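Peer 1: First the structure, which I've put down as structure tokens, then a few questions once you've had a look.
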Amino acid sequence: MLTKLYQWTLAKAAHAHAERWLFAISFMESSFFPIPPHPLLGLMCLARPEKALRFGLICTIASVMGGLLGYGIGHFLYEAVGHQILATLGLAQKFPVAACYLRDYGAEIILIKGATPIPFKLITITAGFIGLSLFTFLWASILSRAFQFMLVGFLFWKFGRPIKAFIEKYLALLSAGFLVLIVGGFLAASMLTGGSGDKNDKCSHATLATTH
């Protein structure tokens with residue numbers, strides 16, 4: 001099933017309305033669709049590197065808008081819809097841990113997500129469920145999504161098709177470096193304010209009962 005969805009997504013790169021499909025997939029992926037827009041974005045940037053920044057911006061805007069839908073699902077419809085979405089995507093067991101971390105760290109978790117493969121839909125639905133500040137959710141989501149999508153768009157726009165091999169080889173390292181900076185800054189702030197590792201331990205063993 002996932003393989004078919006993946007191939008269907010890639011096929012949209014050659015569609016006459018590829019930008020609309022890119023917007024739609026980016027939007028849906030933030031709340032319920034299992035396939036991320038990155039493969040489609042990469043193919044479109046490869047075909048039209050001069051429009052890569054535009055494609056990255058489309059992904060960013062659509063993903064943040066879809067994130068707001070995910071937030072709404074988590075806040076208003078978690079029992080009716082949100083839980084079923086997470087269960088279908090195999091993310092239900094990760095929900096208590098995500099809820100614990102979002103409660104304790106908020107924006108930092110959303111920003112860190114931008115440099116990791118954590119499904120964004122898990123973050124958006126969970127953020128809505130715990131009632132994370134909508135303002136915090138919005139600005140952190142914009143930065144997180146822009147980091148992922150605009151970086152790819154910029155590299156293709158700046159260097160053209162030859163950058164494809166570089167992105168495939170080193171984008172993970174760049175993301176990891178960004179993650180180290182974020183986590184390092186957070187740990188430093190935690191130490192300065194007297195924080196400890198107890199929260200990490202608590203959240204890593206969180207259960208559904210601790211999310212309420």
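Chain labels A, B, ... are given in the sequence in which chains occur in the structure tokens; within each chain residues are numbered consecutively from 1, and ligands are likewise numbered from 1 in the order shown.
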Residues of stretch 17-162 of chain A classed as alpha helix (DSSP H) by DSSP on the backbone are to be reported as a short mmCIF file (atom, residue, chain, number, x, y, z; two decimals) with C-alpha atoms, in the first residue's frame.
Peer 2:
data_model
loop_
_atom_site.label_atom_id
_atom_site.label_comp_id
_atom_site.auth_asym_id
_atom_site.auth_seq_id
_atom_site.Cartn_x
_atom_site.Cartn_y
_atom_site.Cartn_z
CA ALA A 18 2.49 19.55 -10.41
CA GLU A 19 2.58 22.63 -8.17
CA ARG A 20 -0.98 22.02 -7.04
CA TRP A 21 -0.14 18.41 -6.25
CA LEU A 22 2.95 19.54 -4.35
CA PHE A 23 0.80 21.89 -2.29
CA ALA A 24 -1.86 19.23 -1.68
CA ILE A 25 0.60 16.51 -0.63
CA SER A 26 2.53 18.91 1.61
CA PHE A 27 -0.73 19.97 3.22
CA MET A 28 -2.06 16.45 3.73
CA GLU A 29 1.23 15.05 5.03
CA HIS A 38 10.32 15.51 -0.10
CA PRO A 39 10.58 13.01 -3.03
CA LEU A 40 8.14 15.04 -5.12
CA LEU A 41 9.89 18.29 -4.20
CA GLY A 42 13.26 16.80 -5.17
CA LEU A 43 12.04 15.63 -8.57
CA MET A 44 10.39 18.95 -9.35
CA CYS A 45 13.51 20.87 -8.32
CA LEU A 46 15.63 18.54 -10.42
CA ALA A 47 13.45 19.19 -13.48
CA ALA A 52 13.28 25.47 -6.84
CA LEU A 53 12.84 28.33 -4.36
CA ARG A 54 9.21 28.66 -5.43
CA PHE A 55 8.69 24.92 -4.92
CA GLY A 56 10.29 25.09 -1.47
CA LEU A 57 8.05 28.00 -0.52
CA ILE A 58 4.96 26.11 -1.71
CA CYS A 59 5.94 23.17 0.47
CA THR A 60 6.56 25.39 3.47
CA ILE A 61 3.26 27.29 3.26
CA ALA A 62 1.19 24.19 2.57
CA SER A 63 2.86 22.18 5.31
CA VAL A 64 2.26 24.88 7.93
CA MET A 65 -1.37 25.19 6.84
CA GLY A 66 -1.75 21.42 7.02
CA GLY A 67 -0.11 21.54 10.43
CA LEU A 68 -2.88 23.87 11.61
CA LEU A 69 -5.40 21.26 10.44
CA GLY A 70 -3.50 18.61 12.39
CA TYR A 71 -3.49 20.90 15.44
CA GLY A 72 -7.25 21.33 15.09
CA ILE A 73 -7.78 17.58 14.81
CA GLY A 74 -5.76 17.00 17.97
CA HIS A 75 -7.50 19.80 19.87
CA PHE A 76 -11.10 19.23 18.86
CA HIS A 83 -6.36 8.67 17.55
CA GLN A 84 -7.50 6.67 14.51
CA ILE A 85 -5.13 8.57 12.22
CA LEU A 86 -2.15 7.89 14.49
CA ALA A 87 -3.14 4.24 14.93
CA THR A 88 -3.50 3.73 11.17
CA PHE A 95 1.88 9.66 21.06
CA PRO A 96 2.38 9.61 24.88
CA VAL A 97 6.11 10.30 24.52
CA ALA A 98 5.46 13.13 22.05
CA ALA A 99 2.83 14.62 24.36
CA CYS A 100 5.23 14.55 27.31
CA TYR A 101 8.08 16.19 25.40
CA LEU A 102 5.82 18.86 23.90
CA ARG A 103 4.44 19.72 27.33
CA ASP A 104 7.92 20.02 28.80
CA TYR A 105 9.81 21.63 25.92
CA ALA A 107 8.84 24.92 20.59
CA GLU A 108 12.22 23.18 20.96
CA ILE A 109 10.68 19.84 20.01
CA ILE A 110 9.01 21.31 16.91
CA LEU A 111 12.28 22.95 15.85
CA ILE A 112 14.26 19.75 16.43
CA LYS A 113 11.69 17.88 14.35
CA PHE A 120 5.28 16.05 11.47
CA LYS A 121 1.69 14.82 11.75
CA LEU A 122 2.55 13.25 15.11
CA ILE A 123 3.76 16.65 16.32
CA THR A 124 0.80 18.62 14.99
CA ILE A 125 -1.94 16.34 16.31
CA THR A 126 -0.20 15.97 19.67
CA ALA A 127 0.36 19.73 20.00
CA GLY A 128 -3.35 20.33 19.50
CA PHE A 129 -4.25 17.60 21.98
CA ILE A 130 -2.14 19.05 24.80
CA LEU A 134 -1.08 28.28 18.99
CA PHE A 135 1.35 31.17 18.56
CA THR A 136 4.26 29.00 19.70
CA PHE A 137 3.12 26.17 17.46
CA LEU A 138 2.83 28.46 14.46
CA TRP A 139 6.20 30.23 14.60
CA ALA A 140 8.08 27.05 15.46
CA SER A 141 6.35 25.18 12.62
CA ILE A 142 7.24 27.90 10.12
CA LEU A 143 10.92 27.75 11.08
CA SER A 144 10.99 23.95 11.16
CA ARG A 145 9.27 23.49 7.81
CA ALA A 146 11.21 26.30 6.12
CA PHE A 147 14.49 24.74 7.24
CA GLN A 148 13.64 21.47 5.51
CA PHE A 149 11.99 22.68 2.34
CA MET A 150 13.64 26.03 1.65
CA LEU A 151 17.12 24.55 2.13
CA VAL A 152 16.46 22.00 -0.60
CA GLY A 153 14.97 24.70 -2.83
CA PHE A 154 17.89 27.05 -2.25
CA LEU A 155 20.51 24.41 -3.03
CA PHE A 156 18.83 23.43 -6.30
CA TRP A 157 18.28 27.09 -7.24
CA LYS A 158 21.87 28.03 -6.46
CA PHE A 159 23.71 25.05 -7.90
#
Peer 1: Mind checking which residues fall within 10 Å of A:Gln7, counting only C-alpha atoms, ignoring those fewer than 3 positions away in the same chain, and posting them as a ChimeraX atom specification?
Peer 2: /A:2-4,10-12,35,39-40
Peer 1: In Å, how far is it from atom CA of A:Ser31 to atom CA of A:Lys164?
Peer 2: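 Atom CA of A:Lys164 lies 28.1 Å from atom CA of A:Ser31.
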Peer 1: Rounded to one decimal place, report the atom CA of A:Arg48-atom CA of A:Ile118 distance in Å.
Peer 2: 28.4 Å
Peer 1: Looking at A:Lys51, A:Thr207, A:Ala13, A:Ala92, which one is nearest to A:Pro37, with distances taken over only C-alpha atoms?
Peer 2: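 Looking at the shortest contact to A:Pro37, the residue is A:Ala13.
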Peer 1: Could you tell me how far atom CA of A:Glu79 lies from atom CA of A:Leu91, in Å and to one decimal?
Peer 2: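 About the pair atom CA of A:Glu79 and atom CA of A:Leu91: they are 14.7 Å apart.
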